[in-house]
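Comments concern the structure below.
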Amino acid sequence: MPIIAPSFLSADFLNLQKDCDLINNSSADWVHLDVMDGRFVPNISFGLPVIEAVKRGVNKTLDVHLMIEEPERYAEDFRKAGADILTVHYEACRHLHRNIQQIKSLGMKAGVALNPHTPVHVLDTILTDVDMVLLMSVNPGFGGQKFIPQTIDKIRALKHMIKEAGADVLIEIDGGVTLENAPAILHTGADVLVAGNTVFRSADPYQTIDLLKSM
Ligand code: DX5
Ligand code: ZN
């Protein structure tokens, strides 16, 4: 069964308690938290105090996706705020190997994210060091965008690389995931589905999470 990670970028910021309850009482596995700095991506979302609050409200895994430059400056703070998984962008890390080791030494699972234009082969030499690869299936920065179809080929290629390396690495797909495209994404080899708009803009978020989970 896939891991389902609703993205709080589409949550109701005036009533996060309600959406924390949704995570706790639904079949969601993780909560996905998008941190943006207005530099690496054109948008600014939320930061440490919000993560800390969500940690108090949610009893499931906090999957923190950093869309920020120099993530190494903040890794320890995100650990303290409650992150269980910390994902940094390949494109934002000059010393990716060091950053991954830092995240793991702080006691978190380490993920690396790739923008849509970045080929998966750049991870060849780091694959066995990471716990998860996040493939962006939209350009990072905003929720509610359309899934980029080339992502399917990237999932296939990455799955092959993981197998060849005998590595234990999850593939997470982030951006434009819908009830319509989720089956193909999972069938190609994804393990984790992030879903923002699909969950939070649906008439029945509980049922939508159930549907994703049962695919
Ligand atoms: C985009 C974020 C995503 C976003 C996905 O930069 O990384 O996690 O919340 O939103 P949807 O599922 O609405 O495309
Ligand atoms: Zn994300």
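Lettering and numbering for the structure tokens are positional, with chains as A, B, ... in the shown order, residues counted from 1 in each chain, and ligands counted from 1 in the shown order.
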
Can you tell me, as a list of chain:residue names, what residues are no more than 8 Å from Ser137 (chain A) when counting only C-alpha atoms, ignoring any on the same chain fewer than 4 positions away?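 Skipping anything fewer than 4 positions along the chain leaves A:Asn115, A:Pro116, A:Phe147, A:Ile148, A:Pro149, A:Thr151, A:Ile173, A:Asp174, A:Gly175, A:Gly176.
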
Write out, as a PDB file, in the first residue's frame, the residues just selected, with C-alpha atoms.
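The file below, again09.pdb, is the result:
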```
ATOM      1  CA  ASN A 115      13.259  19.652  -9.789  1.00  0.00           C
ATOM      2  CA  PRO A 116      11.396  18.554 -12.926  1.00  0.00           C
ATOM      3  CA  PHE A 147       1.317  17.131 -13.159  1.00  0.00           C
ATOM      4  CA  ILE A 148       4.263  17.111 -15.604  1.00  0.00           C
ATOM      5  CA  PRO A 149       3.918  13.831 -17.575  1.00  0.00           C
ATOM      6  CA  THR A 151       7.788  12.452 -14.341  1.00  0.00           C
ATOM      7  CA  ILE A 173       6.009  12.121  -5.904  1.00  0.00           C
ATOM      8  CA  ASP A 174       5.104  15.716  -5.185  1.00  0.00           C
ATOM      9  CA  GLY A 175       2.881  17.992  -7.245  1.00  0.00           C
ATOM     10  CA  GLY A 176      -0.306  17.613  -9.247  1.00  0.00           C
TER      11      GLY A 176
END
```

Which residues sit within 9 Å of ligand 1, counting only C-alpha atoms and all ligand atoms, listed as an MDAnalysis selection string? chainID A and resid 6:10 32:36 41 43 65:67 136:147 173:178 193:201

Which residues are near Asp63 (chain A)? Cut-off 7 Å, only C-alpha atoms, ignore same chain within fewer than 5 positions. Put them as a list in words. Trp30, Val31, His32, Leu33, Ala83, Asp84, Ile85 and Leu86 of chain A

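Proximity to Glu91 (chain A) was assessed for A:Leu106, A:Ile185, A:Val122, A:Cys20 counting only C-alpha atoms; the smallest distance is recorded for A:Val122.
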
Every residue of region 63-185 of chain A that DSSP places in alpha helix (DSSP H), as a PyMOL selection string: chain A and resi 75-81+96-105+151-165+182-185

Any chance you could export the current selection's N, CA, C and O atoms as a compact mmCIF listing (two decimals), in the first residue's frame?
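Listed below is the output, again_5.txt:
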```
# COMPACT_ATOMS: atom_id res chain seq x y z
N ALA A 75 19.05 22.76 9.51
CA ALA A 75 18.70 21.34 9.73
C ALA A 75 18.45 21.05 11.21
O ALA A 75 17.47 20.40 11.58
N GLU A 76 19.32 21.55 12.06
CA GLU A 76 19.19 21.28 13.50
C GLU A 76 17.90 21.90 14.06
O GLU A 76 17.21 21.28 14.88
N ASP A 77 17.58 23.10 13.60
CA ASP A 77 16.35 23.76 14.06
C ASP A 77 15.11 22.97 13.64
O ASP A 77 14.15 22.87 14.40
N PHE A 78 15.15 22.42 12.44
CA PHE A 78 13.99 21.64 11.99
C PHE A 78 13.87 20.34 12.79
O PHE A 78 12.77 19.87 13.07
N ARG A 79 15.01 19.77 13.15
CA ARG A 79 14.96 18.59 14.02
C ARG A 79 14.29 18.94 15.35
O ARG A 79 13.39 18.25 15.82
N LYS A 80 14.74 20.06 15.93
CA LYS A 80 14.18 20.50 17.21
C LYS A 80 12.69 20.81 17.10
O LYS A 80 11.91 20.59 18.03
N ALA A 81 12.28 21.32 15.94
CA ALA A 81 10.86 21.66 15.73
C ALA A 81 10.00 20.41 15.55
O ALA A 81 8.78 20.48 15.65
N LEU A 96 26.07 18.28 -1.19
CA LEU A 96 24.93 17.42 -0.88
C LEU A 96 25.29 16.27 0.05
O LEU A 96 24.55 15.96 0.98
N HIS A 97 26.43 15.64 -0.18
CA HIS A 97 26.82 14.51 0.65
C HIS A 97 26.93 14.93 2.11
O HIS A 97 26.41 14.26 3.01
N ARG A 98 27.55 16.08 2.33
CA ARG A 98 27.69 16.59 3.70
C ARG A 98 26.31 16.89 4.30
O ARG A 98 26.05 16.58 5.47
N ASN A 99 25.44 17.47 3.50
CA ASN A 99 24.11 17.82 4.01
C ASN A 99 23.31 16.58 4.40
O ASN A 99 22.61 16.57 5.42
N ILE A 100 23.42 15.53 3.59
CA ILE A 100 22.71 14.28 3.89
C ILE A 100 23.24 13.68 5.20
O ILE A 100 22.47 13.24 6.06
N GLN A 101 24.57 13.66 5.33
CA GLN A 101 25.15 13.11 6.57
C GLN A 101 24.72 13.93 7.78
O GLN A 101 24.45 13.38 8.85
N GLN A 102 24.65 15.23 7.61
CA GLN A 102 24.23 16.10 8.72
C GLN A 102 22.81 15.74 9.17
O GLN A 102 22.54 15.60 10.37
N ILE A 103 21.91 15.58 8.20
CA ILE A 103 20.51 15.27 8.52
C ILE A 103 20.44 13.94 9.27
O ILE A 103 19.74 13.82 10.29
N LYS A 104 21.18 12.95 8.78
CA LYS A 104 21.13 11.63 9.43
C LYS A 104 21.76 11.66 10.82
O LYS A 104 21.26 11.02 11.75
N SER A 105 22.83 12.43 10.95
CA SER A 105 23.49 12.48 12.27
C SER A 105 22.61 13.19 13.29
O SER A 105 22.77 13.00 14.50
N THR A 151 7.45 13.02 -15.66
CA THR A 151 7.79 12.45 -14.34
C THR A 151 7.69 10.93 -14.36
O THR A 151 8.44 10.25 -13.66
N ILE A 152 6.76 10.41 -15.15
CA ILE A 152 6.57 8.95 -15.19
C ILE A 152 7.87 8.26 -15.65
O ILE A 152 8.30 7.27 -15.06
N ASP A 153 8.53 8.82 -16.67
CA ASP A 153 9.80 8.25 -17.15
C ASP A 153 10.87 8.35 -16.06
O ASP A 153 11.71 7.46 -15.92
N LYS A 154 10.84 9.44 -15.30
CA LYS A 154 11.84 9.60 -14.23
C LYS A 154 11.61 8.57 -13.12
O LYS A 154 12.57 8.05 -12.55
N ILE A 155 10.36 8.29 -12.82
CA ILE A 155 10.07 7.27 -11.79
C ILE A 155 10.64 5.93 -12.25
O ILE A 155 11.31 5.22 -11.48
N ARG A 156 10.37 5.61 -13.50
CA ARG A 156 10.81 4.32 -14.05
C ARG A 156 12.34 4.21 -13.97
O ARG A 156 12.89 3.21 -13.50
N ALA A 157 13.03 5.27 -14.39
CA ALA A 157 14.49 5.26 -14.41
C ALA A 157 15.06 5.18 -12.98
O ALA A 157 16.02 4.45 -12.71
N LEU A 158 14.44 5.93 -12.07
CA LEU A 158 14.91 5.93 -10.69
C LEU A 158 14.70 4.58 -10.03
O LEU A 158 15.58 4.07 -9.30
N LYS A 159 13.55 3.99 -10.29
CA LYS A 159 13.25 2.67 -9.73
C LYS A 159 14.32 1.67 -10.17
O LYS A 159 14.81 0.86 -9.38
N HIS A 160 14.68 1.76 -11.44
CA HIS A 160 15.70 0.88 -12.01
C HIS A 160 17.04 1.11 -11.30
O HIS A 160 17.72 0.15 -10.90
N MET A 161 17.41 2.37 -11.11
CA MET A 161 18.68 2.70 -10.42
C MET A 161 18.71 2.14 -9.01
O MET A 161 19.72 1.61 -8.54
N ILE A 162 17.57 2.27 -8.31
CA ILE A 162 17.49 1.80 -6.92
C ILE A 162 17.67 0.28 -6.86
O ILE A 162 18.41 -0.24 -6.03
N LYS A 163 17.02 -0.39 -7.79
CA LYS A 163 17.14 -1.85 -7.86
C LYS A 163 18.57 -2.28 -8.13
O LYS A 163 19.13 -3.13 -7.45
N GLU A 164 19.17 -1.64 -9.12
CA GLU A 164 20.56 -1.95 -9.52
C GLU A 164 21.52 -1.77 -8.34
O GLU A 164 22.44 -2.55 -8.14
N ALA A 165 21.29 -0.71 -7.57
CA ALA A 165 22.18 -0.39 -6.45
C ALA A 165 21.85 -1.24 -5.22
O ALA A 165 22.59 -1.22 -4.23
N ALA A 182 -2.90 8.99 -10.00
CA ALA A 182 -2.23 8.22 -8.94
C ALA A 182 -1.98 6.75 -9.32
O ALA A 182 -0.90 6.22 -9.05
N PRO A 183 -2.95 6.05 -9.95
CA PRO A 183 -2.68 4.64 -10.28
C PRO A 183 -1.45 4.46 -11.16
O PRO A 183 -0.62 3.58 -10.90
N ALA A 184 -1.29 5.30 -12.19
CA ALA A 184 -0.13 5.17 -13.08
C ALA A 184 1.17 5.49 -12.34
O ALA A 184 2.20 4.84 -12.53
N ILE A 185 1.12 6.49 -11.47
CA ILE A 185 2.30 6.89 -10.70
C ILE A 185 2.76 5.73 -9.81
O ILE A 185 3.94 5.39 -9.75
```

Point out the residue among A:Met132, A:Val64, A:Cys93, A:Ile126 with the least atom-to-atom distance to ligand 2, counting only C-alpha atoms and all ligand atoms.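 Among A:Met132, A:Val64, A:Cys93, A:Ile126, it is A:Val64 that comes nearest to ligand 2.
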
Using only C-alpha atoms, determine which residues lie at most 9 Å from Leu16 (chain A), disregarding the query and same-chain residues fewer than 5 positions distant; provide the list as a ChimeraX atom specification. /A:8,11,21,53-54,57

Mind writing the picked residues with C-alpha atoms as a PDB file, in the first residue's frame?
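What landed in result-v3.pdb:
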```
ATOM      1  CA  PHE A   8      -0.401  21.364   4.479  1.00  0.00           C
ATOM      2  CA  ALA A  11      -4.521  23.455   4.594  1.00  0.00           C
ATOM      3  CA  ASP A  21      -7.233  16.146  13.343  1.00  0.00           C
ATOM      4  CA  ALA A  53       2.792  23.718  16.250  1.00  0.00           C
ATOM      5  CA  VAL A  54       1.945  20.923  13.809  1.00  0.00           C
ATOM      6  CA  GLY A  57      -1.155  18.612  16.847  1.00  0.00           C
TER       7      GLY A  57
END
```

Glu69 (chain A) surroundings by only C-alpha atoms, 7 Å radius, close-in-sequence under 3 positions cut, as a list of chain:residue names: A:Arg39, A:Phe40, A:Ala92

Among listed residues A:Val133, A:Met108, A:Leu114, A:Ala203, nearest His89 (chain A) (using only C-alpha atoms): A:Leu114

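Comparing A:Val130, A:Arg56, A:Ser27, A:Ile51 by their smallest distance to Ile4 (chain A), the closest is A:Ser27 (using only C-alpha atoms).
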
Enumerate as a PyMOL selection string all residues of region 13-214 of chain A assigned to strand (DSSP E) by DSSP on the backbone, naming them with the chain letters and numbers the document uses. chain A and resi 30-36+61-67+85-89+109-114+132-136+170-174+192-195

What would the file look like if the residues just selected were written as a JSON list (two decimals), in the first residue's frame with C-alpha atoms?
```json
[["chain", "number", "residue", "atom", "x", "y", "z"],
["A", 30, "TRP", "CA", 2.49, 11.34, 7.04],
["A", 31, "VAL", "CA", 1.90, 15.08, 6.92],
["A", 32, "HIS", "CA", 3.91, 16.87, 4.22],
["A", 33, "LEU", "CA", 5.19, 20.34, 5.18],
["A", 34, "ASP", "CA", 6.52, 22.66, 2.48],
["A", 35, "VAL", "CA", 9.00, 25.28, 3.67],
["A", 36, "MET", "CA", 9.81, 28.01, 1.12],
["A", 61, "THR", "CA", 5.35, 11.37, 10.71],
["A", 62, "LEU", "CA", 6.36, 14.94, 9.86],
["A", 63, "ASP", "CA", 7.71, 14.93, 6.31],
["A", 64, "VAL", "CA", 9.43, 18.30, 5.87],
["A", 65, "HIS", "CA", 10.27, 19.44, 2.34],
["A", 66, "LEU", "CA", 12.77, 22.31, 2.38],
["A", 67, "MET", "CA", 12.62, 24.53, -0.69],
["A", 85, "ILE", "CA", 12.10, 13.29, 7.55],
["A", 86, "LEU", "CA", 14.04, 16.23, 6.14],
["A", 87, "THR", "CA", 14.28, 16.61, 2.38],
["A", 88, "VAL", "CA", 16.65, 19.08, 0.74],
["A", 89, "HIS", "CA", 16.89, 20.03, -2.92],
["A", 109, "LYS", "CA", 15.58, 10.36, 7.72],
["A", 110, "ALA", "CA", 17.23, 12.13, 4.81],
["A", 111, "GLY", "CA", 15.55, 12.90, 1.52],
["A", 112, "VAL", "CA", 16.80, 14.58, -1.63],
["A", 113, "ALA", "CA", 14.45, 16.35, -4.03],
["A", 114, "LEU", "CA", 14.87, 16.88, -7.76],
["A", 132, "MET", "CA", 14.07, 8.91, 0.07],
["A", 133, "VAL", "CA", 14.10, 10.66, -3.30],
["A", 134, "LEU", "CA", 11.40, 13.25, -3.88],
["A", 135, "LEU", "CA", 10.63, 13.80, -7.56],
["A", 136, "MET", "CA", 8.97, 17.16, -8.15],
["A", 170, "LEU", "CA", 11.54, 5.44, -1.11],
["A", 171, "ILE", "CA", 10.30, 7.34, -4.16],
["A", 172, "GLU", "CA", 8.02, 10.25, -3.26],
["A", 173, "ILE", "CA", 6.01, 12.12, -5.90],
["A", 174, "ASP", "CA", 5.10, 15.72, -5.18],
["A", 192, "VAL", "CA", 4.82, 7.94, -1.41],
["A", 193, "LEU", "CA", 2.15, 10.27, -2.79],
["A", 194, "VAL", "CA", 2.02, 13.90, -1.69],
["A", 195, "ALA", "CA", -1.37, 15.48, -2.26]]
```

Could you check how far CA of Leu179 (chain A) sits from CA of Lys60 (chain A), in Å to one decimal?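 These two atoms are separated by 22.7 Å.
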